[in-house]
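Trainee: So here's structure-v8.csv (CSV, C-alpha atoms and all ligand atoms).
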chain,number,residue,atom,x,y,z
U,13,MET,CA,32.1,105.9,97.5
U,14,THR,CA,35.3,105.9,99.4
U,15,PHE,CA,38.1,107.7,97.6
U,16,PRO,CA,40.4,106.3,96.4
U,17,ARG,CA,39.2,102.7,96.0
U,18,THR,CA,42.0,101.9,93.6
U,19,VAL,CA,45.6,102.9,93.7
U,20,VAL,CA,47.4,102.2,90.4
U,21,PHE,CA,51.2,101.9,90.5
U,22,ASP,CA,53.9,102.2,87.9
U,23,LEU,CA,56.4,99.4,88.2
U,24,ASP,CA,60.0,100.3,87.3
U,25,GLY,CA,61.3,103.0,89.6
U,26,THR,CA,58.1,103.2,91.6
U,27,LEU,CA,57.3,99.7,93.2
U,28,VAL,CA,60.6,98.0,92.4
U,29,ASP,CA,64.2,99.3,92.0
U,30,THR,CA,64.7,97.4,88.7
U,31,ALA,CA,67.5,99.5,87.3
U,32,PRO,CA,70.4,97.1,88.2
U,33,ASP,CA,68.9,94.2,86.2
U,34,LEU,CA,67.6,96.3,83.4
U,35,ILE,CA,70.9,98.0,82.9
U,36,ALA,CA,72.8,94.7,83.2
U,37,ALA,CA,70.6,93.3,80.4
U,38,LEU,CA,71.1,96.5,78.3
U,39,ASN,CA,74.9,96.3,78.7
U,40,PHE,CA,74.8,92.6,77.9
U,41,VAL,CA,73.3,93.2,74.5
U,42,LEU,CA,75.6,96.3,73.9
U,43,ALA,CA,78.7,94.2,74.7
U,44,ARG,CA,77.6,91.5,72.2
U,45,GLU,CA,77.5,94.3,69.6
U,46,GLY,CA,81.1,95.3,70.6
U,47,LEU,CA,79.8,98.5,72.3
U,48,PRO,CA,81.0,99.9,75.6
U,49,PRO,CA,78.7,99.6,78.7
U,50,ILE,CA,76.5,102.6,79.8
U,51,PRO,CA,77.2,103.6,83.4
U,52,MET,CA,74.3,103.1,85.8
U,53,LYS,CA,74.0,106.8,86.6
U,54,SER,CA,73.1,107.8,83.0
U,55,ALA,CA,71.3,104.5,82.1
U,56,ARG,CA,68.8,104.8,84.9
U,57,ASN,CA,67.1,107.8,83.3
U,58,MET,CA,66.7,105.9,80.0
U,59,ILE,CA,64.2,103.5,81.7
U,60,GLY,CA,60.5,104.3,81.4
U,61,ALA,CA,59.3,103.8,77.9
U,62,GLY,CA,59.7,100.1,77.5
U,63,ALA,CA,62.4,97.7,76.4
U,64,ARG,CA,62.6,98.8,72.8
U,65,LYS,CA,63.1,102.5,73.7
U,66,LEU,CA,65.8,101.5,76.3
U,67,ILE,CA,67.7,99.8,73.5
U,68,GLU,CA,67.2,102.7,71.1
U,69,ARG,CA,68.4,105.2,73.8
U,70,GLY,CA,71.4,102.9,74.7
U,71,LEU,CA,72.4,102.9,71.1
U,72,GLU,CA,72.0,106.6,70.7
U,73,VAL,CA,74.6,107.2,73.4
U,74,ASP,CA,77.2,105.7,71.1
U,75,GLY,CA,75.9,107.8,68.3
U,76,ARG,CA,74.9,104.7,66.4
U,77,VAL,CA,72.0,104.7,64.0
U,78,ALA,CA,70.6,101.2,64.1
U,79,SER,CA,68.3,99.7,61.5
U,80,VAL,CA,64.8,98.6,62.5
U,81,GLU,CA,66.0,95.0,62.1
U,82,ASP,CA,68.9,95.6,64.5
U,83,VAL,CA,66.7,97.2,67.1
U,84,ASN,CA,64.2,94.3,66.7
U,85,ARG,CA,67.0,91.7,67.2
U,86,LEU,CA,68.6,93.5,70.1
U,87,THR,CA,65.2,94.0,71.8
U,88,LYS,CA,64.6,90.3,71.5
U,89,ASP,CA,68.0,89.4,72.9
U,90,PHE,CA,67.5,91.9,75.7
U,91,ILE,CA,64.2,90.4,76.7
U,92,ASP,CA,65.6,86.8,76.6
U,93,TYR,CA,68.4,87.8,78.9
U,94,TYR,CA,66.4,90.0,81.2
U,95,ALA,CA,63.7,87.3,81.7
U,96,ASP,CA,66.3,85.0,83.1
U,97,HIS,CA,67.8,87.7,85.4
U,98,ILE,CA,64.7,89.7,86.2
U,99,ALA,CA,65.0,89.6,90.0
U,100,ASP,CA,68.8,89.0,90.4
U,101,ALA,CA,69.2,92.4,92.1
U,102,SER,CA,65.8,94.1,91.7
U,103,ARG,CA,64.1,94.7,95.0
U,104,PRO,CA,60.9,96.6,96.2
U,105,PHE,CA,61.6,100.1,97.3
U,106,GLU,CA,62.0,100.3,101.1
U,107,GLY,CA,58.8,100.6,103.0
U,108,LEU,CA,56.6,99.4,100.1
U,109,GLU,CA,55.0,96.4,101.9
U,110,THR,CA,54.1,98.4,105.0
U,111,ALA,CA,52.6,101.2,102.9
U,112,LEU,CA,50.5,98.7,101.0
U,113,ASP,CA,49.3,97.1,104.3
U,114,ASP,CA,48.4,100.5,105.6
U,115,LEU,CA,46.4,101.4,102.4
U,116,ALA,CA,44.8,98.0,102.2
U,117,ALA,CA,43.6,98.4,105.8
U,118,GLN,CA,41.9,101.7,104.6
U,119,GLY,CA,40.0,99.7,101.9
U,120,CYS,CA,42.3,100.4,98.9
U,121,ARG,CA,42.8,97.9,96.1
U,122,PHE,CA,45.9,98.0,94.0
U,123,ALA,CA,46.8,97.6,90.3
U,124,VAL,CA,50.0,97.9,88.2
U,125,CYS,CA,50.1,99.9,85.0
U,126,THR,CA,53.5,99.7,83.4
U,127,ASN,CA,55.2,100.2,80.1
U,128,LYS,CA,57.0,96.8,80.7
U,129,LEU,CA,55.6,93.8,79.0
U,130,GLU,CA,52.8,92.1,81.0
U,131,TRP,CA,54.5,88.7,81.3
U,132,LEU,CA,57.8,90.2,82.5
U,133,SER,CA,55.9,92.4,85.0
U,134,LYS,CA,54.1,89.3,86.4
U,135,ARG,CA,57.3,87.3,86.4
U,136,LEU,CA,59.1,90.0,88.4
U,137,LEU,CA,56.3,90.5,90.9
U,138,ASP,CA,55.9,86.7,91.3
U,139,GLN,CA,59.6,86.3,92.0
U,140,LEU,CA,59.4,89.1,94.6
U,141,GLY,CA,56.3,87.5,96.2
U,142,LEU,CA,54.2,90.6,95.4
U,143,SER,CA,51.8,89.5,92.6
U,144,GLY,CA,49.0,88.6,95.0
U,145,ARG,CA,48.8,92.2,96.2
U,146,PHE,CA,47.5,93.4,92.8
U,147,ALA,CA,44.0,93.0,91.4
U,148,ALA,CA,45.4,93.6,87.9
U,149,ILE,CA,48.9,93.7,86.4
U,150,CYS,CA,48.8,95.4,83.0
U,151,GLY,CA,51.7,96.2,80.6
U,152,ALA,CA,52.4,97.8,77.3
U,153,ASP,CA,51.1,94.7,75.4
U,154,THR,CA,48.0,94.1,77.5
U,155,PHE,CA,45.7,96.5,75.6
U,156,GLY,CA,48.0,97.4,72.8
U,157,VAL,CA,48.7,100.9,74.0
U,158,SER,CA,51.4,102.4,76.4
U,159,LYS,CA,51.4,105.2,78.9
U,160,PRO,CA,50.6,108.1,78.5
U,161,ASP,CA,47.7,106.9,76.4
U,162,PRO,CA,44.8,107.1,78.9
U,163,ILE,CA,43.2,103.9,77.6
U,164,ILE,CA,45.9,101.8,79.4
U,165,LEU,CA,45.0,103.3,82.7
U,166,GLN,CA,41.2,103.2,82.2
U,167,GLN,CA,41.4,99.5,81.1
U,168,THR,CA,43.7,98.6,84.0
U,169,VAL,CA,41.3,100.1,86.5
U,170,ALA,CA,38.4,98.3,84.8
U,171,ARG,CA,40.3,95.0,84.9
U,172,ALA,CA,41.0,95.6,88.7
U,173,GLY,CA,37.3,96.0,89.2
U,174,GLY,CA,37.8,99.7,90.1
U,175,ASP,CA,36.2,103.0,89.2
U,176,ILE,CA,38.3,105.5,87.3
U,177,GLY,CA,36.6,108.3,89.3
U,178,ALA,CA,37.9,106.8,92.5
U,179,THR,CA,41.5,106.1,91.4
U,180,ILE,CA,44.9,107.6,92.2
U,181,MET,CA,48.0,107.0,90.1
U,182,VAL,CA,51.5,106.7,91.6
U,183,GLY,CA,54.6,106.9,89.3
U,184,ASP,CA,58.1,108.1,88.8
U,185,ALA,CA,58.2,109.7,85.3
U,186,GLY,CA,56.5,111.6,82.5
U,187,PRO,CA,54.4,108.8,81.1
U,188,ASP,CA,52.8,108.3,84.6
U,189,VAL,CA,51.9,112.0,85.1
U,190,GLY,CA,50.8,112.1,81.5
U,191,VAL,CA,48.5,109.1,81.7
U,192,ALA,CA,47.0,110.3,84.9
U,193,ARG,CA,46.3,113.8,83.6
U,194,ARG,CA,44.7,112.5,80.4
U,195,ALA,CA,42.5,110.1,82.3
U,196,GLY,CA,41.6,112.8,84.8
U,197,VAL,CA,43.1,110.9,87.7
U,198,PRO,CA,45.1,112.6,90.6
U,199,VAL,CA,48.8,111.6,90.6
U,200,ILE,CA,51.5,111.1,93.3
U,201,GLY,CA,55.1,111.4,92.0
U,202,VAL,CA,57.9,109.5,93.7
U,203,GLU,CA,61.3,111.1,93.8
U,204,PHE,CA,63.4,107.9,93.9
U,205,GLY,CA,62.7,106.6,90.4
U,206,TYR,CA,64.0,107.0,86.9
U,207,THR,CA,63.3,110.1,84.8
U,208,ASP,CA,65.2,112.5,82.6
U,209,VAL,CA,62.9,115.4,83.6
U,210,PRO,CA,62.9,115.8,87.4
U,211,ILE,CA,59.5,114.6,88.6
U,212,ALA,CA,58.8,117.9,90.5
U,213,GLU,CA,58.9,119.8,87.2
U,214,LEU,CA,56.1,117.6,86.0
U,215,LYS,CA,54.0,118.9,88.8
U,216,PRO,CA,52.3,115.8,90.2
U,217,ASP,CA,49.5,116.6,92.8
U,218,ARG,CA,51.7,115.2,95.6
U,219,LEU,CA,55.4,114.3,95.8
U,220,ILE,CA,56.9,111.6,98.1
U,221,GLY,CA,60.6,110.9,98.7
U,222,HIS,CA,60.0,107.5,100.5
U,223,MET,CA,57.3,104.9,100.4
U,224,ARG,CA,56.6,105.5,104.1
U,225,GLU,CA,55.1,108.9,103.0
U,226,LEU,CA,52.6,107.2,100.6
U,227,PRO,CA,49.6,106.6,103.0
U,228,ALA,CA,49.7,110.3,104.1
U,229,ALA,CA,49.9,111.5,100.5
U,230,VAL,CA,46.9,109.4,99.6
U,231,ASP,CA,45.1,110.7,102.6
U,232,GLY,CA,46.0,114.3,101.6
U,233,LEU,CA,44.5,113.7,98.2
U,234,ARG,CA,41.4,112.1,99.7
U,235,LYS,CA,40.8,115.3,101.8
U,236,ALA,CA,41.5,117.6,98.8
U,237,VAL,CA,39.0,115.7,96.7
U,238,SER,CA,36.3,115.6,99.4
U,239,GLN,CA,36.6,119.3,99.9
U,240,ALA,CA,36.4,120.1,96.2
V,301,LIG,O1,60.5,99.3,81.6
V,301,LIG,C1,60.2,100.4,81.3
V,301,LIG,O2,60.9,101.1,80.5
V,301,LIG,C2,59.0,101.1,81.8
V,301,LIG,O3,58.4,100.6,83.0
V,301,LIG,P1,57.5,101.4,83.9
V,301,LIG,O4,56.3,102.0,83.1
V,301,LIG,O5,57.0,100.4,84.9
V,301,LIG,O6,58.3,102.5,84.5
V,302,MG,MG,58.6,104.0,86.0
What is this file in structure tokens?
Ligand SMILES: O=C(O)COP(=O)(O)O
Ligand SMILES: [Mg+2]

Mentor:
Amino acid sequence: MTFPRTVVFDLDGTLVDTAPDLIAALNFVLAREGLPPIPMKSARNMIGAGARKLIERGLEVDGRVASVEDVNRLTKDFIDYYADHIADASRPFEGLETALDDLAAQGCRFAVCTNKLEWLSKRLLDQLGLSGRFAAICGADTFGVSKPDPIILQQTVARAGGDIGATIMVGDAGPDVGVARRAGVPVIGVEFGYTDVPIAELKPDRLIGHMRELPAAVDGLRKAVSQA
């Protein structure tokens, strides 16, 4: 079997630079609560564990202890606003489409495994004209578990018609390295995403600073695996 047959991507901060629209939606709900906006620089690193966590982290900055009901309400408002503005400013990272073309020509198939909700992920990728690239697009609600639970990655690969033993994960943050490690899958970290812990410290198998480096990183892992 050719390795890897399946390349699984994280979405926010890996495929698409979604921070501007996510932070705008966060600041929209904070403003409605009479709270000050969170600057982009600090808010970027709050992304990665889903909408609810983003709201909780945004509230914590202000030292506010919100009730479960408040967080529920704000998360719902956030999602409503975000769904209507999901691709206002979000764009694929430079070089993504060329990298996918290159890998597809080498026989790779692609899937998305994100802690975003599935319908929001599909809506975003639809609006950017990218959905057709992926054999499966799975989110935190698809199988009822989020990264780093290995089940979400295993099920994503199964849904894409792939084999977990011939898979590579690509991501920008702790949940991505964690899910890959727990599922026994090699992982490529991207340095341009959103994370509070620098991705290098999480020791992915390969690091890339631009999407143009992805095909070579995949190839490097292919060689490492075939020599093992
Ligand atoms: O939206 C989030 O917080 C997480 O999304 P990701 O798993 O695609 O990075
Ligand atoms: Mg991410």

Trainee: With only C-alpha atoms as the atoms that count, which of U:Asp74, U:Phe146, U:Thr110, U:Arg56 lies nearest to Gly174 in chain U?

Mentor: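 Using only C-alpha atoms, the shortest distance to Gly174 in chain U belongs to U:Phe146.
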
Trainee: Have a look at CA of Thr18 in chain U and CA of Val197 in chain U and let me know their distance in Å, one decimal.

Mentor: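 One can read the CA of Thr18 in chain U to CA of Val197 in chain U distance as 10.8 Å.
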
Trainee: Find the distance between CA of Ala101 in chain U and CA of Asp24 in chain U and write it in Å to one decimal.

Mentor: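 Result for CA of Ala101 in chain U versus CA of Asp24 in chain U: 13.0 Å, one decimal.
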
Trainee: For Gly107 in chain U, please output as an mmCIF file with C-alpha atoms, in the coordinates of the input all residues within 9 Å (counting all atoms listed in the file; exclusion window: fewer than 6 positions along the same chain).

Mentor:
data_model
loop_
_atom_site.group_PDB
_atom_site.id
_atom_site.type_symbol
_atom_site.label_atom_id
_atom_site.label_comp_id
_atom_site.auth_asym_id
_atom_site.auth_seq_id
_atom_site.Cartn_x
_atom_site.Cartn_y
_atom_site.Cartn_z
ATOM 1 C CA HIS U 222 60.000 107.500 100.500
ATOM 2 C CA MET U 223 57.300 104.900 100.400
ATOM 3 C CA ARG U 224 56.600 105.500 104.100
#

Trainee: Residues within 12 Å of (34.4, 101.8, 94.1), file coordinates, counting all atoms listed in the file: what are they? Give the list as a list of chain:residue names.

Mentor: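 Returned residue set, sorted by chain then number, is U:Met13, U:Thr14, U:Phe15, U:Pro16, U:Arg17, U:Thr18, U:Val19, U:Gly119, U:Cys120, U:Arg121, U:Val169, U:Ala170, U:Ala172, U:Gly173, U:Gly174, U:Asp175, U:Ile176, U:Gly177, U:Ala178, U:Thr179.
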
Trainee: Counting only C-alpha atoms, what is within 8 Å of Val209 in chain U, bar same-chain residues fewer than 3 positions away, as a ChimeraX atom specification?

Mentor: /U:185-186,213-214

Trainee: Which distance in Å separates CA of Ala192 in chain U and CA of Leu165 in chain U, to one decimal?

Mentor: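 About the pair CA of Ala192 in chain U and CA of Leu165 in chain U: they are 7.6 Å apart.
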
Trainee: Identify, counting all atoms listed in the file, the protein, DNA and RNA residues located within 10 Å of ligand LIG 301 (chain V), and give them as a ChimeraX atom specification.

Mentor: /U:21-28,30-31,34,56-67,124-129,132-133,150-152,158-160,183-188,205-207

Trainee: Show which residues sit within 12 Å of Asp82 in chain U, as a ChimeraX atom specification. Count all atoms listed in the file, and ignore same-chain residues fewer than 4 positions away.

Mentor: /U:41-42,45,64,67-68,71,76-78,86-90

Trainee: What are the centre and the three edge lengths of an axis-aligned box that wraps all atoms of range 142-150 of chain U in the file, given that 6 Å is added to every side, written as AutoDock Vina command-line options and rounded to one decimal in Å?

Mentor:
--center_x 49.1 --center_y 92.0 --center_z 89.6 --size_x 22.2 --size_y 18.8 --size_z 25.2

Trainee: Looking at U:Ile180, U:Val83, U:Leu137, U:Ala116, which one is nearest to Pro104 in chain U, with distances taken over all atoms listed in the file?

Mentor: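 Using all atoms listed in the file, Pro104 in chain U sits closest to U:Leu137.
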
Trainee: Just the residues within 8 Å of Ile35 in chain U, please, counting all atoms listed in the file, with nothing from its chain fewer than 2 positions along; format it as a list in words.

Mentor: Ala31, Pro32, Asp33, Ala37, Leu38, Asn39, Ile50, Met52, Ala55 and Arg56 of chain U

Trainee: Find the residue from U:Gly201, U:Pro162, U:Gly46, U:Gly196 that sits nearest to ligand MG 302 (chain V); use all atoms listed in the file when measuring.

Mentor: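 Among the listed residues, the smallest separation from ligand MG 302 (chain V) belongs to U:Gly201.
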
Trainee: So, with all atoms listed in the file as the atoms that count, which of U:Asp113, U:Val189, U:Leu142, U:Arg194 lies closest to ligand MG 302 (chain V)?

Mentor: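 Of U:Asp113, U:Val189, U:Leu142, U:Arg194, the one nearest ligand MG 302 (chain V) is U:Val189, counting all atoms listed in the file.
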
Trainee: Can you tell me, as a VMD selection string, what residues are no more than 12 Å from Ala236 in chain U when counting only C-alpha atoms, ignoring any on the same chain fewer than 4 positions away?

Mentor: chain U and resid 15 to 16 198 217 to 218 229 to 232 240

Trainee: Selected residues, C-alpha atoms, written as a PDB file, keeping the file's coordinate frame, please.

Mentor:
ATOM      1  CA  PHE U  15      38.100 107.700  97.600  1.00  0.00           C
ATOM      2  CA  PRO U  16      40.400 106.300  96.400  1.00  0.00           C
ATOM      3  CA  PRO U 198      45.100 112.600  90.600  1.00  0.00           C
ATOM      4  CA  ASP U 217      49.500 116.600  92.800  1.00  0.00           C
ATOM      5  CA  ARG U 218      51.700 115.200  95.600  1.00  0.00           C
ATOM      6  CA  ALA U 229      49.900 111.500 100.500  1.00  0.00           C
ATOM      7  CA  VAL U 230      46.900 109.400  99.600  1.00  0.00           C
ATOM      8  CA  ASP U 231      45.100 110.700 102.600  1.00  0.00           C
ATOM      9  CA  GLY U 232      46.000 114.300 101.600  1.00  0.00           C
ATOM     10  CA  ALA U 240      36.400 120.100  96.200  1.00  0.00           C
TER      11      ALA U 240
END

Trainee: Using all atoms listed in the file, which of the listed residues (U:Asp138, U:Leu47, U:Arg145, U:Gln239) sits closest to Glu109 in chain U?

Mentor: U:Arg145

Trainee: When distances are computed from all atoms listed in the file, which of U:Glu225, U:Asp92, U:Glu130, U:Asp100 shows the smallest separation from Phe155 in chain U?

Mentor: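 Among U:Glu225, U:Asp92, U:Glu130, U:Asp100, it is U:Glu130 that comes nearest to Phe155 in chain U.
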
Trainee: Could range 57-78 of chain U be completed with N, CA and C atoms and returned as a PDB file, in the coordinates of the input?

Mentor:
ATOM      1  N   ASN U  57      68.130 106.827  83.780  1.00  0.00           N
ATOM      2  CA  ASN U  57      67.100 107.800  83.300  1.00  0.00           C
ATOM      3  C   ASN U  57      66.653 107.410  81.853  1.00  0.00           C
ATOM      4  N   MET U  58      67.193 106.327  81.294  1.00  0.00           N
ATOM      5  CA  MET U  58      66.700 105.900  80.000  1.00  0.00           C
ATOM      6  C   MET U  58      65.529 104.897  80.143  1.00  0.00           C
ATOM      7  N   ILE U  59      65.274 104.488  81.381  1.00  0.00           N
ATOM      8  CA  ILE U  59      64.200 103.500  81.700  1.00  0.00           C
ATOM      9  C   ILE U  59      62.858 104.305  81.695  1.00  0.00           C
ATOM     10  N   GLY U  60      61.796 103.666  81.262  1.00  0.00           N
ATOM     11  CA  GLY U  60      60.500 104.300  81.400  1.00  0.00           C
ATOM     12  C   GLY U  60      59.559 104.182  80.253  1.00  0.00           C
ATOM     13  N   ALA U  61      60.130 103.878  79.091  1.00  0.00           N
ATOM     14  CA  ALA U  61      59.300 103.800  77.900  1.00  0.00           C
ATOM     15  C   ALA U  61      59.313 102.428  77.258  1.00  0.00           C
ATOM     16  N   GLY U  62      59.708 101.428  78.042  1.00  0.00           N
ATOM     17  CA  GLY U  62      59.700 100.100  77.500  1.00  0.00           C
ATOM     18  C   GLY U  62      61.061  99.610  77.029  1.00  0.00           C
ATOM     19  N   ALA U  63      61.156  98.299  76.751  1.00  0.00           N
ATOM     20  CA  ALA U  63      62.400  97.700  76.400  1.00  0.00           C
ATOM     21  C   ALA U  63      63.002  98.233  75.090  1.00  0.00           C
ATOM     22  N   ARG U  64      62.138  98.377  74.092  1.00  0.00           N
ATOM     23  CA  ARG U  64      62.600  98.800  72.800  1.00  0.00           C
ATOM     24  C   ARG U  64      63.240 100.218  72.857  1.00  0.00           C
ATOM     25  N   LYS U  65      62.565 101.108  73.584  1.00  0.00           N
ATOM     26  CA  LYS U  65      63.100 102.500  73.700  1.00  0.00           C
ATOM     27  C   LYS U  65      64.403 102.481  74.520  1.00  0.00           C
ATOM     28  N   LEU U  66      64.510 101.587  75.496  1.00  0.00           N
ATOM     29  CA  LEU U  66      65.800 101.500  76.300  1.00  0.00           C
ATOM     30  C   LEU U  66      66.909 101.114  75.341  1.00  0.00           C
ATOM     31  N   ILE U  67      66.678 100.170  74.461  1.00  0.00           N
ATOM     32  CA  ILE U  67      67.700  99.800  73.500  1.00  0.00           C
ATOM     33  C   ILE U  67      68.042 100.941  72.570  1.00  0.00           C
ATOM     34  N   GLU U  68      67.003 101.603  72.053  1.00  0.00           N
ATOM     35  CA  GLU U  68      67.200 102.700  71.100  1.00  0.00           C
ATOM     36  C   GLU U  68      68.050 103.825  71.831  1.00  0.00           C
ATOM     37  N   ARG U  69      67.687 104.129  73.081  1.00  0.00           N
ATOM     38  CA  ARG U  69      68.400 105.200  73.800  1.00  0.00           C
ATOM     39  C   ARG U  69      69.829 104.744  74.116  1.00  0.00           C
ATOM     40  N   GLY U  70      70.021 103.465  74.421  1.00  0.00           N
ATOM     41  CA  GLY U  70      71.400 102.900  74.700  1.00  0.00           C
ATOM     42  C   GLY U  70      72.238 103.048  73.449  1.00  0.00           C
ATOM     43  N   LEU U  71      71.663 102.780  72.300  1.00  0.00           N
ATOM     44  CA  LEU U  71      72.400 102.900  71.100  1.00  0.00           C
ATOM     45  C   LEU U  71      72.776 104.307  70.708  1.00  0.00           C
ATOM     46  N   GLU U  72      71.835 105.201  70.985  1.00  0.00           N
ATOM     47  CA  GLU U  72      72.000 106.600  70.700  1.00  0.00           C
ATOM     48  C   GLU U  72      73.249 107.204  71.408  1.00  0.00           C
ATOM     49  N   VAL U  73      73.497 106.722  72.641  1.00  0.00           N
ATOM     50  CA  VAL U  73      74.600 107.200  73.400  1.00  0.00           C
ATOM     51  C   VAL U  73      75.906 107.094  72.631  1.00  0.00           C
ATOM     52  N   ASP U  74      75.985 105.992  71.927  1.00  0.00           N
ATOM     53  CA  ASP U  74      77.200 105.700  71.100  1.00  0.00           C
ATOM     54  C   ASP U  74      77.115 106.363  69.765  1.00  0.00           C
ATOM     55  N   GLY U  75      76.053 107.108  69.535  1.00  0.00           N
ATOM     56  CA  GLY U  75      75.900 107.800  68.300  1.00  0.00           C
ATOM     57  C   GLY U  75      75.598 106.845  67.112  1.00  0.00           C
ATOM     58  N   ARG U  76      75.130 105.642  67.458  1.00  0.00           N
ATOM     59  CA  ARG U  76      74.900 104.700  66.400  1.00  0.00           C
ATOM     60  C   ARG U  76      73.490 104.753  65.862  1.00  0.00           C
ATOM     61  N   VAL U  77      73.362 104.772  64.574  1.00  0.00           N
ATOM     62  CA  VAL U  77      72.000 104.700  64.000  1.00  0.00           C
ATOM     63  C   VAL U  77      71.780 103.280  63.606  1.00  0.00           C
ATOM     64  N   ALA U  78      70.863 102.659  64.358  1.00  0.00           N
ATOM     65  CA  ALA U  78      70.600 101.200  64.100  1.00  0.00           C
ATOM     66  C   ALA U  78      69.422 101.074  63.183  1.00  0.00           C
TER      67      ALA U  78
END
